[in-house]
Every structure is written in C-alpha cells, then in structure tokens.
>>> print(open('start37.pdb').read())   # PDB, C-alpha atoms
MODEL        1
ATOM      1  CA  GLY A1039     347.497 115.067 213.145
ATOM      2  CA  GLU A1040     345.032 117.598 214.382
ATOM      3  CA  ASP A1041     341.396 117.167 213.480
ATOM      4  CA  VAL A1042     338.405 119.394 214.075
ATOM      5  CA  GLU A1043     334.880 118.063 213.620
ATOM      6  CA  GLN A1044     331.586 119.909 213.400
ATOM      7  CA  SER A1045     328.190 119.234 211.909
ATOM      8  CA  LEU A1046     327.543 120.724 208.482
ATOM      9  CA  PHE A1047     324.094 122.293 208.836
ATOM     10  CA  LEU A1048     321.904 123.971 211.444
ATOM     11  CA  SER A1049     318.545 125.597 210.926
ATOM     12  CA  VAL A1050     316.847 127.791 213.552
ATOM     13  CA  ARG A1051     313.945 130.223 213.732
ATOM     14  CA  GLU A1052     314.608 133.917 214.138
ATOM     15  CA  GLY A1053     314.667 134.827 217.809
ATOM     16  CA  ASP A1054     315.650 131.338 218.999
ATOM     17  CA  SER A1055     319.103 130.411 220.282
ATOM     18  CA  SER A1056     321.577 128.628 218.020
ATOM     19  CA  VAL A1057     324.157 126.210 219.347
ATOM     20  CA  ILE A1058     327.005 125.109 217.105
ATOM     21  CA  ASN A1059     329.189 122.286 218.391
ATOM     22  CA  CYS A1060     332.751 121.287 217.635
ATOM     23  CA  THR A1061     335.192 118.621 218.791
ATOM     24  CA  TYR A1062     338.946 118.858 218.429
ATOM     25  CA  THR A1063     341.868 116.547 219.022
ATOM     26  CA  ASP A1064     344.931 118.701 219.798
ATOM     27  CA  SER A1065     345.017 119.064 223.588
ATOM     28  CA  SER A1066     347.989 121.456 223.353
ATOM     29  CA  SER A1067     345.949 124.224 221.688
ATOM     30  CA  THR A1068     346.327 127.392 223.751
ATOM     31  CA  TYR A1069     343.385 129.105 222.101
ATOM     32  CA  LEU A1070     340.332 127.886 220.238
ATOM     33  CA  TYR A1071     338.511 130.030 217.732
ATOM     34  CA  TRP A1072     335.245 130.635 215.969
ATOM     35  CA  TYR A1073     335.357 132.222 212.525
ATOM     36  CA  LYS A1074     332.341 133.450 210.578
ATOM     37  CA  GLN A1075     331.986 133.494 206.791
ATOM     38  CA  GLU A1076     329.154 135.562 205.410
ATOM     39  CA  PRO A1077     327.883 134.816 201.886
ATOM     40  CA  GLY A1078     330.381 135.879 199.227
ATOM     41  CA  ALA A1079     333.060 136.873 201.730
ATOM     42  CA  GLY A1080     336.194 135.552 203.375
ATOM     43  CA  LEU A1081     336.379 134.338 206.957
ATOM     44  CA  GLN A1082     336.480 136.731 209.859
ATOM     45  CA  LEU A1083     337.428 136.004 213.455
ATOM     46  CA  LEU A1084     334.243 136.054 215.536
ATOM     47  CA  THR A1085     335.545 135.119 218.965
ATOM     48  CA  TYR A1086     338.127 132.990 220.712
ATOM     49  CA  ILE A1087     338.649 131.371 224.095
ATOM     50  CA  PHE A1088     341.803 130.716 226.070
ATOM     51  CA  SER A1089     342.196 127.045 226.898
ATOM     52  CA  ASN A1090     342.179 127.538 230.665
ATOM     53  CA  MET A1091     338.731 129.142 230.523
ATOM     54  CA  ASP A1092     335.406 127.307 230.633
ATOM     55  CA  MET A1093     333.231 130.053 229.276
ATOM     56  CA  LYS A1094     333.461 133.373 227.504
ATOM     57  CA  GLN A1095     330.548 135.715 226.915
ATOM     58  CA  ASP A1096     330.473 138.557 224.426
ATOM     59  CA  GLN A1097     327.066 140.205 223.936
ATOM     60  CA  ARG A1098     324.869 137.583 222.201
ATOM     61  CA  LEU A1099     327.721 135.090 221.890
ATOM     62  CA  THR A1100     328.641 132.490 224.516
ATOM     63  CA  VAL A1101     331.554 130.131 224.025
ATOM     64  CA  LEU A1102     331.739 127.017 226.185
ATOM     65  CA  LEU A1103     334.857 124.886 226.415
ATOM     66  CA  ASN A1104     335.010 121.401 227.911
ATOM     67  CA  LYS A1105     338.713 120.658 227.812
ATOM     68  CA  LYS A1106     338.345 117.158 229.232
ATOM     69  CA  ASP A1107     336.024 116.123 226.381
ATOM     70  CA  LYS A1108     337.730 118.434 223.837
ATOM     71  CA  HIS A1109     334.368 119.958 223.052
ATOM     72  CA  LEU A1110     333.746 123.564 222.065
ATOM     73  CA  SER A1111     330.402 125.211 221.457
ATOM     74  CA  LEU A1112     329.161 128.567 220.238
ATOM     75  CA  ARG A1113     325.774 129.784 221.386
ATOM     76  CA  ILE A1114     324.117 132.706 219.633
ATOM     77  CA  ALA A1115     321.218 134.173 221.601
ATOM     78  CA  ASP A1116     318.238 135.789 219.857
ATOM     79  CA  THR A1117     319.439 134.628 216.440
ATOM     80  CA  GLN A1118     318.810 137.118 213.638
ATOM     81  CA  THR A1119     318.654 136.668 209.861
ATOM     82  CA  GLY A1120     321.972 138.512 209.679
ATOM     83  CA  ASP A1121     323.557 135.630 211.591
ATOM     84  CA  SER A1122     323.022 133.350 208.582
ATOM     85  CA  ALA A1123     326.545 132.311 207.644
ATOM     86  CA  ILE A1124     329.037 129.471 207.832
ATOM     87  CA  TYR A1125     330.727 129.144 211.219
ATOM     88  CA  PHE A1126     334.141 127.503 211.466
ATOM     89  CA  CYS A1127     335.700 126.120 214.602
ATOM     90  CA  ALA A1128     339.519 126.255 214.579
ATOM     91  CA  GLU A1129     342.513 125.375 216.691
ATOM     92  CA  SER A1130     346.033 126.711 216.301
ATOM     93  CA  SER A1131     349.222 124.716 216.044
ATOM     94  CA  SER A1132     352.839 125.607 215.495
ATOM     95  CA  GLY A1133     355.282 124.258 212.971
ATOM     96  CA  ALA A1134     357.594 125.165 210.091
ATOM     97  CA  GLY A1135     358.291 128.652 211.417
ATOM     98  CA  SER A1136     354.695 129.688 211.647
ATOM     99  CA  TYR A1137     351.490 129.189 213.498
ATOM    100  CA  GLN A1138     348.689 127.651 211.505
ATOM    101  CA  LEU A1139     345.008 127.111 212.009
ATOM    102  CA  THR A1140     343.237 123.806 211.558
ATOM    103  CA  PHE A1141     339.623 124.444 210.624
ATOM    104  CA  GLY A1142     336.567 122.278 210.913
ATOM    105  CA  LYS A1143     334.471 121.823 207.797
ATOM    106  CA  GLY A1144     332.118 124.603 208.824
ATOM    107  CA  THR A1145     328.503 124.656 210.015
ATOM    108  CA  LYS A1146     326.072 126.460 207.736
ATOM    109  CA  LEU A1147     323.552 128.282 209.899
ATOM    110  CA  SER A1148     320.242 129.092 208.234
ATOM    111  CA  VAL A1149     317.893 131.431 210.077
ATOM    112  CA  ILE A1150     314.229 131.118 209.196
ATOM    113  CA  PRO A1151     312.293 134.400 209.490
TER     114      PRO A1151
ATOM    115  CA  ASP B 983     341.974 147.945 209.305
ATOM    116  CA  VAL B 984     343.834 144.973 207.925
ATOM    117  CA  LYS B 985     343.156 144.504 204.280
ATOM    118  CA  VAL B 986     343.776 141.408 202.228
ATOM    119  CA  THR B 987     342.879 141.772 198.583
ATOM    120  CA  GLN B 988     342.682 139.174 195.861
ATOM    121  CA  SER B 989     343.097 140.051 192.210
ATOM    122  CA  SER B 990     339.809 138.621 190.973
ATOM    123  CA  ARG B 991     336.477 137.657 192.524
ATOM    124  CA  TYR B 992     335.546 135.384 189.633
ATOM    125  CA  LEU B 993     337.756 133.684 187.065
ATOM    126  CA  VAL B 994     336.949 131.270 184.245
ATOM    127  CA  LYS B 995     339.811 129.368 182.627
ATOM    128  CA  ARG B 996     340.178 126.497 180.213
ATOM    129  CA  THR B 997     341.744 123.131 181.001
ATOM    130  CA  GLY B 998     345.501 123.255 180.511
ATOM    131  CA  GLU B 999     345.850 127.011 180.957
ATOM    132  CA  LYS B1000     348.356 128.483 183.380
ATOM    133  CA  VAL B1001     346.505 130.427 186.066
ATOM    134  CA  PHE B1002     347.833 133.073 188.451
ATOM    135  CA  LEU B1003     345.937 134.090 191.571
ATOM    136  CA  GLU B1004     347.331 137.134 193.322
ATOM    137  CA  CYS B1005     346.987 138.167 196.937
ATOM    138  CA  VAL B1006     348.183 141.383 198.556
ATOM    139  CA  GLN B1007     348.110 142.385 202.237
ATOM    140  CA  ASP B1008     348.781 145.832 203.637
ATOM    141  CA  MET B1009     349.648 145.041 207.259
ATOM    142  CA  ASP B1010     353.304 144.022 206.896
ATOM    143  CA  HIS B1011     352.420 140.462 207.949
ATOM    144  CA  GLU B1012     355.127 137.836 207.847
ATOM    145  CA  ASN B1013     352.816 134.881 207.162
ATOM    146  CA  MET B1014     350.615 134.307 204.151
ATOM    147  CA  PHE B1015     348.417 131.346 203.262
ATOM    148  CA  TRP B1016     346.460 129.894 200.352
ATOM    149  CA  TYR B1017     343.414 127.712 201.031
ATOM    150  CA  ARG B1018     340.801 126.188 198.832
ATOM    151  CA  GLN B1019     337.233 125.847 200.027
ATOM    152  CA  ASP B1020     334.864 123.188 198.728
ATOM    153  CA  PRO B1021     331.357 122.316 199.956
ATOM    154  CA  GLY B1022     331.468 119.596 202.582
ATOM    155  CA  LEU B1023     335.271 119.691 202.747
ATOM    156  CA  GLY B1024     335.796 123.017 204.499
ATOM    157  CA  LEU B1025     339.106 124.844 204.133
ATOM    158  CA  ARG B1026     342.171 122.952 203.048
ATOM    159  CA  LEU B1027     345.632 124.490 203.186
ATOM    160  CA  ILE B1028     347.493 124.443 199.880
ATOM    161  CA  TYR B1029     350.706 126.365 200.655
ATOM    162  CA  PHE B1030     351.908 128.912 203.128
ATOM    163  CA  SER B1031     354.860 131.238 203.484
ATOM    164  CA  TYR B1032     356.382 132.640 206.681
ATOM    165  CA  ASP B1033     358.895 134.933 205.022
ATOM    166  CA  VAL B1034     359.842 136.384 201.661
ATOM    167  CA  LYS B1035     361.008 133.659 199.262
ATOM    168  CA  MET B1036     360.064 130.976 201.809
ATOM    169  CA  LYS B1037     357.283 128.487 201.161
ATOM    170  CA  GLU B1038     355.951 125.394 202.821
ATOM    171  CA  LYS B1039     353.559 122.778 201.499
ATOM    172  CA  GLY B1040     350.205 122.483 203.142
ATOM    173  CA  ASP B1041     347.843 119.532 203.030
ATOM    174  CA  ILE B1042     347.054 119.553 199.287
ATOM    175  CA  PRO B1043     349.950 121.100 197.304
ATOM    176  CA  GLU B1044     349.710 118.823 194.277
ATOM    177  CA  GLY B1045     349.025 120.723 191.067
ATOM    178  CA  TYR B1046     349.898 124.078 192.637
ATOM    179  CA  SER B1047     352.967 126.233 193.171
ATOM    180  CA  VAL B1048     353.470 129.582 194.894
ATOM    181  CA  SER B1049     355.692 132.614 194.709
ATOM    182  CA  ARG B1050     356.550 135.199 197.327
ATOM    183  CA  GLU B1051     359.004 137.738 195.973
ATOM    184  CA  LYS B1052     357.779 140.609 198.145
ATOM    185  CA  LYS B1053     356.497 140.561 201.688
ATOM    186  CA  GLU B1054     353.069 141.912 200.822
ATOM    187  CA  ARG B1055     352.335 139.649 197.839
ATOM    188  CA  PHE B1056     351.719 135.904 197.654
ATOM    189  CA  SER B1057     350.816 134.296 194.348
ATOM    190  CA  LEU B1058     349.227 130.920 193.723
ATOM    191  CA  ILE B1059     350.002 129.306 190.376
ATOM    192  CA  LEU B1060     348.144 126.516 188.664
ATOM    193  CA  GLU B1061     350.679 125.320 186.076
ATOM    194  CA  SER B1062     348.092 123.457 183.999
ATOM    195  CA  ALA B1063     344.564 123.983 185.239
ATOM    196  CA  SER B1064     342.271 120.988 185.499
ATOM    197  CA  THR B1065     338.530 120.740 186.130
ATOM    198  CA  ASN B1066     339.093 119.309 189.623
ATOM    199  CA  GLN B1067     340.720 122.629 190.556
ATOM    200  CA  THR B1068     337.390 124.408 190.169
ATOM    201  CA  SER B1069     336.933 125.850 193.635
ATOM    202  CA  MET B1070     336.882 128.923 195.861
ATOM    203  CA  TYR B1071     340.415 130.060 196.690
ATOM    204  CA  LEU B1072     341.020 132.057 199.846
ATOM    205  CA  CYS B1073     344.158 133.935 200.761
ATOM    206  CA  ALA B1074     345.003 134.855 204.359
ATOM    207  CA  SER B1075     347.759 136.631 206.229
ATOM    208  CA  SER B1076     348.913 136.851 209.835
ATOM    209  CA  SER B1077     351.685 138.247 211.948
ATOM    210  CA  HIS B1078     354.041 136.016 213.884
ATOM    211  CA  LEU B1079     352.460 134.953 217.156
ATOM    212  CA  THR B1080     353.535 136.898 220.204
ATOM    213  CA  SER B1081     353.839 134.629 223.208
ATOM    214  CA  GLY B1082     350.579 134.500 225.136
ATOM    215  CA  ASP B1083     348.575 136.273 222.474
ATOM    216  CA  TYR B1084     345.763 134.770 220.508
ATOM    217  CA  TYR B1085     346.414 134.163 216.863
ATOM    218  CA  GLU B1086     344.364 135.642 214.039
ATOM    219  CA  GLN B1087     344.425 135.089 210.319
ATOM    220  CA  TYR B1088     342.936 137.782 208.108
ATOM    221  CA  PHE B1089     341.203 136.590 204.974
ATOM    222  CA  GLY B1090     340.634 138.047 201.552
ATOM    223  CA  PRO B1091     337.184 137.852 199.913
ATOM    224  CA  GLY B1092     338.096 134.819 197.808
ATOM    225  CA  THR B1093     338.421 134.024 194.109
ATOM    226  CA  ARG B1094     335.891 131.657 192.620
ATOM    227  CA  LEU B1095     337.751 129.793 189.887
ATOM    228  CA  THR B1096     335.938 127.736 187.277
ATOM    229  CA  VAL B1097     337.977 125.511 184.981
ATOM    230  CA  THR B1098     336.090 124.299 181.903
TER     231      THR B1098
ENDMDL
END
>>> encode(input="start37.pdb", output="structure tokens")
Amino acid sequence: GEDVEQSLFLSVREGDSSVINCTYTDSSSTYLYWYKQEPGAGLQLLTYIFSNMDMKQDQRLTVLLNKKDKHLSLRIADTQTGDSAIYFCAESSSGAGSYQLTFGKGTKLSVIP
Amino acid sequence: DVKVTQSSRYLVKRTGEKVFLECVQDMDHENMFWYRQDPGLGLRLIYFSYDVKMKEKGDIPEGYSVSREKKERFSLILESASTNQTSMYLCASSSHLTSGDYYEQYFGPGTRLTVT
C-alpha cells in the first residue's frame, strides 16, 4: 500500500530557512500536499503541488518535487515563531467510492527565538 | 468558510463505558472521515463514509463503529472504551473529487479522549 515517510522533528532559529522532507511510494498520485497543524487545532491545507510540476512557490513557501526519487520538500523562508507547528506530507489515492489521503507521521517544527 | 465541528474538545471516560464522538460539517460534503492521532504514529484512518448510511473501514477499525444517518453528521462510537483508545480524535470532511482538481479534506479541532 501507499506509504509516506518524514522525519519527526526539526528545530530552527527564527529568521533561518526550514526544510521539511518527505518520501512517498504511490507514483500515481496526481497531487501531493502539505498540511499544517497548529497547537490545539486540526489540520489545515497549507499548499499542494501537481505531480507534473517540479516547483511551486507561494510567498515564503517553496515546494520541490522530485518525481523520479518520489521526494517532496517544503521550504519555509525567514521562519517565524508562528510557524511552529506539525507539518504533514500527504498523497491522495482513490478507492471505495472516495478519495482518501495518506499522511506521513508529521514533522514537528520548533522555532527558537 | 467550511466548518467542521466536534462535540467536545476534551472528554474523560471510564474503561468499559460507551462513548459517542460527534462531528458535524456545514458544507454539504459527501465524504466524512474519523482519524486518531498519536505521538510518533501520525494520523491513522479509523472509518470513513462517502454517502449517508454508507461506511467503510479504514486502517484501524477494531474497537470502533460509526453512524451516518444524515449527510452533515458522522458519529464515532466506542462500544466499550479501553485505555488504549486514549488519543486525539480528528474528524474531517471533503467533497467528491472533480476531475483534475486538487483534493482537500477539512478538519475539525479534535477531541482529546482520556480513558481511565
């Protein structure tokens, strides 16, 4: 079945760049996603990338996709304390009448002031 | 704005009790999901439903059941709560995917359940 792997923790200093990495196994995924979970809250879609793209930029966020290696990364420029959260990589799959998401275990980003 | 609400933020129950977790969405979504979230294990899908009265098992359905009598409401039931069901429970909803569109699930704030 599908599997999504990411490291569990990342610690960076405020103002530095953060890079969160993810590997996935389902080569048929049309889109790949990054979700953010702030403390005490549910997950929220942060950004996504279409599988035929290599890069997507959205303000301080840059998503890089290496389809050959099935590697996805999320770069946050000028990381702020408000970026402290858990970041989940996800891929979508279809089955049983519905699309589903397969999530990685989540990377907890801690920003040191 | 899409809103997914869960009946309780925190819940404490005793072993053996029957527990109901309620989830309501206001966007007329066809699909609804229940996950549990545990440190180091990420999100694991318990059950999902793609239509009223329809349900499908996820990756860890044992010890749980669900009910979807109305489109907007999806309930998770723990028939006899056990301590290993202490966890954060997250509900989500989504519309059916339109061809070529990206797919988004909308999450509620979660219910932290403690079984003692």
>>> resolve_selection(input="start37.pdb", expression="the PyMOL selection byres ((chain B) within 12 of (chain A))", output="PyMOL selection string")
chain B and resi 984-988+991-992+1011-1027+1029-1033+1036-1041+1070-1094
>>> residues_around(input="start37.pdb", residues="segment 1046-1062 of chain B", least_positions_apart="2", cutoff="6 Å", atoms="only C-alpha atoms", output="list in words")
Gly998, Glu999, Lys1000, Val1001, Phe1002, Leu1003, Glu1004, Cys1005, Val1006, Gln1007, Val1034, Lys1035, Pro1043 and Glu1044 of chain B
>>> closest_residue(input="start37.pdb", among="A:Asn1090, A:Arg1098, A:Lys1106, A:Ala1128", to="Cys1060 of chain A", atoms="only C-alpha atoms")
A:Ala1128
>>> atom_distance(input="start37.pdb", atom1="atom CA of Thr1063 of chain A", atom2="atom CA of Thr1085 of chain A")
19.6 Å
>>> residues_around(input="start37.pdb", residues="Ser1049 of chain A", least_positions_apart="5", cutoff="8 Å", atoms="all atoms listed in the file", output="MDAnalysis selection string")
chainID A and resid 1147:1150
>>> write_last_selection(input="start37.pdb", atoms="C-alpha atoms", output="PDB file, keeping the file's coordinate frame")
ATOM      1  CA  LEU A1147     323.552 128.282 209.899  1.00  0.00           C
ATOM      2  CA  SER A1148     320.242 129.092 208.234  1.00  0.00           C
ATOM      3  CA  VAL A1149     317.893 131.431 210.077  1.00  0.00           C
ATOM      4  CA  ILE A1150     314.229 131.118 209.196  1.00  0.00           C
TER       5      ILE A1150
END
>>> atom_distance(input="start37.pdb", atom1="atom CA of Gly1120 of chain A", atom2="atom CA of Lys1074 of chain A")
11.6 Å
>>> residues_around(input="start37.pdb", residues="Val994 of chain B", least_positions_apart="6", cutoff="6 Å", atoms="only C-alpha atoms", output="list of chain:residue names")
B:Leu1095, B:Thr1096, B:Val1097
>>> axis_aligned_box(input="start37.pdb", around="segment 1011-1015 of chain B", padding_each_side="8 Å", output="JSON")
{"center_x": 351.8, "center_y": 135.9, "center_z": 205.6, "size_x": 22.7, "size_y": 25.1, "size_z": 20.7}
>>> atom_distance(input="start37.pdb", atom1="atom CA of Arg1051 of chain A", atom2="atom CA of Gln1097 of chain A")
19.4 Å
>>> residues_around(input="start37.pdb", residues="Leu1112 of chain A", least_positions_apart="3", cutoff="6 Å", atoms="all atoms listed in the file", output="JSON, numbers by chain")
{"A": [1057, 1058, 1100, 1101]}
>>> write_last_selection(input="start37.pdb", atoms="C-alpha atoms", output="PDB file, keeping the file's coordinate frame")
ATOM      1  CA  VAL A1057     324.157 126.210 219.347  1.00  0.00           C
ATOM      2  CA  ILE A1058     327.005 125.109 217.105  1.00  0.00           C
ATOM      3  CA  THR A1100     328.641 132.490 224.516  1.00  0.00           C
ATOM      4  CA  VAL A1101     331.554 130.131 224.025  1.00  0.00           C
TER       5      VAL A1101
END
>>> residues_around(input="start37.pdb", residues="Gly1053 of chain A", least_positions_apart="3", cutoff="8 Å", atoms="all atoms listed in the file", output="list in words")
Ala1115, Asp1116, Thr1117 and Gln1118 of chain A
>>> closest_residue(input="start37.pdb", among="B:Asn1066, B:Arg996, B:Ile1042, B:Asp1008", to="Asp983 of chain B", atoms="only C-alpha atoms")
B:Asp1008
>>> resolve_selection(input="start37.pdb", expression="the PyMOL selection byres ((chain A and resi 1103) around 9)", output="PDB file with C-alpha atoms, keeping the file's coordinate frame")
ATOM      1  CA  LEU A1070     340.332 127.886 220.238  1.00  0.00           C
ATOM      2  CA  ILE A1087     338.649 131.371 224.095  1.00  0.00           C
ATOM      3  CA  SER A1089     342.196 127.045 226.898  1.00  0.00           C
ATOM      4  CA  ASN A1090     342.179 127.538 230.665  1.00  0.00           C
ATOM      5  CA  MET A1091     338.731 129.142 230.523  1.00  0.00           C
ATOM      6  CA  ASP A1092     335.406 127.307 230.633  1.00  0.00           C
ATOM      7  CA  MET A1093     333.231 130.053 229.276  1.00  0.00           C
ATOM      8  CA  LYS A1094     333.461 133.373 227.504  1.00  0.00           C
ATOM      9  CA  VAL A1101     331.554 130.131 224.025  1.00  0.00           C
ATOM     10  CA  LEU A1102     331.739 127.017 226.185  1.00  0.00           C
ATOM     11  CA  ASN A1104     335.010 121.401 227.911  1.00  0.00           C
ATOM     12  CA  LYS A1105     338.713 120.658 227.812  1.00  0.00           C
ATOM     13  CA  LYS A1106     338.345 117.158 229.232  1.00  0.00           C
ATOM     14  CA  ASP A1107     336.024 116.123 226.381  1.00  0.00           C
ATOM     15  CA  LYS A1108     337.730 118.434 223.837  1.00  0.00           C
ATOM     16  CA  HIS A1109     334.368 119.958 223.052  1.00  0.00           C
ATOM     17  CA  LEU A1110     333.746 123.564 222.065  1.00  0.00           C
ATOM     18  CA  SER A1111     330.402 125.211 221.457  1.00  0.00           C
TER      19      SER A1111
END
>>> closest_residue(input="start37.pdb", among="A:Val1042, A:Ile1114, A:Leu1099, A:Val1050", to="Ser1067 of chain A", atoms="all atoms listed in the file")
A:Val1042
>>> build_atoms(input="start37.pdb", residues="segment 1081-1091 of chain B", atoms="all heavy atoms", output="compact mmCIF listing (two decimals), in the coordinates of the input")
# COMPACT_ATOMS: atom_id res chain seq x y z
N SER B 1081 354.09 135.59 222.14
CA SER B 1081 353.84 134.63 223.21
C SER B 1081 352.68 135.07 224.10
O SER B 1081 352.63 136.19 224.58
CB SER B 1081 355.11 134.49 224.04
OG SER B 1081 354.89 133.64 225.14
N GLY B 1082 351.72 134.20 224.29
CA GLY B 1082 350.58 134.50 225.14
C GLY B 1082 349.43 135.15 224.41
O GLY B 1082 348.34 135.25 224.95
N ASP B 1083 349.64 135.61 223.20
CA ASP B 1083 348.58 136.27 222.47
C ASP B 1083 347.77 135.27 221.67
O ASP B 1083 348.29 134.24 221.23
CB ASP B 1083 349.14 137.31 221.51
CG ASP B 1083 349.60 138.56 222.23
OD1 ASP B 1083 349.34 138.67 223.43
OD2 ASP B 1083 350.23 139.41 221.58
N TYR B 1084 346.52 135.61 221.42
CA TYR B 1084 345.76 134.77 220.51
C TYR B 1084 346.25 135.03 219.09
O TYR B 1084 346.96 136.00 218.83
CB TYR B 1084 344.27 135.03 220.65
CG TYR B 1084 343.80 136.36 220.09
CD1 TYR B 1084 343.35 136.47 218.79
CD2 TYR B 1084 343.83 137.50 220.88
CE1 TYR B 1084 342.92 137.68 218.28
CE2 TYR B 1084 343.41 138.71 220.37
CZ TYR B 1084 342.96 138.80 219.07
OH TYR B 1084 342.55 140.00 218.57
N TYR B 1085 345.88 134.15 218.22
CA TYR B 1085 346.41 134.16 216.86
C TYR B 1085 345.28 134.38 215.88
O TYR B 1085 344.27 133.70 215.94
CB TYR B 1085 347.10 132.82 216.60
CG TYR B 1085 347.54 132.59 215.19
CD1 TYR B 1085 348.58 133.32 214.64
CD2 TYR B 1085 346.92 131.62 214.41
CE1 TYR B 1085 348.99 133.09 213.35
CE2 TYR B 1085 347.33 131.38 213.11
CZ TYR B 1085 348.37 132.13 212.59
OH TYR B 1085 348.78 131.91 211.31
N GLU B 1086 345.43 135.35 214.98
CA GLU B 1086 344.36 135.64 214.04
C GLU B 1086 344.89 135.63 212.61
O GLU B 1086 345.94 136.23 212.33
CB GLU B 1086 343.74 137.01 214.34
CG GLU B 1086 342.58 137.36 213.40
CD GLU B 1086 341.82 138.58 213.86
OE1 GLU B 1086 342.19 139.20 214.88
OE2 GLU B 1086 340.82 138.93 213.18
N GLN B 1087 344.16 134.99 211.75
CA GLN B 1087 344.42 135.09 210.32
C GLN B 1087 343.37 136.00 209.71
O GLN B 1087 342.19 135.92 210.06
CB GLN B 1087 344.38 133.71 209.65
CG GLN B 1087 345.59 132.86 209.96
CD GLN B 1087 345.61 131.54 209.20
OE1 GLN B 1087 344.83 131.33 208.27
NE2 GLN B 1087 346.52 130.66 209.58
N TYR B 1088 343.82 136.85 208.79
CA TYR B 1088 342.94 137.78 208.11
C TYR B 1088 342.76 137.29 206.67
O TYR B 1088 343.76 137.04 205.98
CB TYR B 1088 343.53 139.19 208.12
CG TYR B 1088 343.68 139.75 209.50
CD1 TYR B 1088 344.79 139.46 210.29
CD2 TYR B 1088 342.69 140.58 210.04
CE1 TYR B 1088 344.92 139.98 211.56
CE2 TYR B 1088 342.82 141.11 211.31
CZ TYR B 1088 343.95 140.79 212.07
OH TYR B 1088 344.06 141.30 213.33
N PHE B 1089 341.50 137.19 206.26
CA PHE B 1089 341.20 136.59 204.97
C PHE B 1089 340.81 137.61 203.92
O PHE B 1089 340.16 138.62 204.23
CB PHE B 1089 340.05 135.59 205.13
CG PHE B 1089 340.47 134.30 205.76
CD1 PHE B 1089 340.61 134.18 207.13
CD2 PHE B 1089 340.73 133.18 204.96
CE1 PHE B 1089 341.01 132.99 207.71
CE2 PHE B 1089 341.13 131.99 205.54
CZ PHE B 1089 341.27 131.88 206.91
N GLY B 1090 341.16 137.31 202.68
CA GLY B 1090 340.63 138.05 201.55
C GLY B 1090 339.23 137.55 201.22
O GLY B 1090 338.75 136.59 201.81
N PRO B 1091 338.57 138.20 200.24
CA PRO B 1091 337.18 137.85 199.91
C PRO B 1091 337.05 136.57 199.09
O PRO B 1091 335.94 136.05 198.94
CB PRO B 1091 336.70 139.06 199.11
CG PRO B 1091 337.94 139.61 198.50
CD PRO B 1091 339.04 139.37 199.48
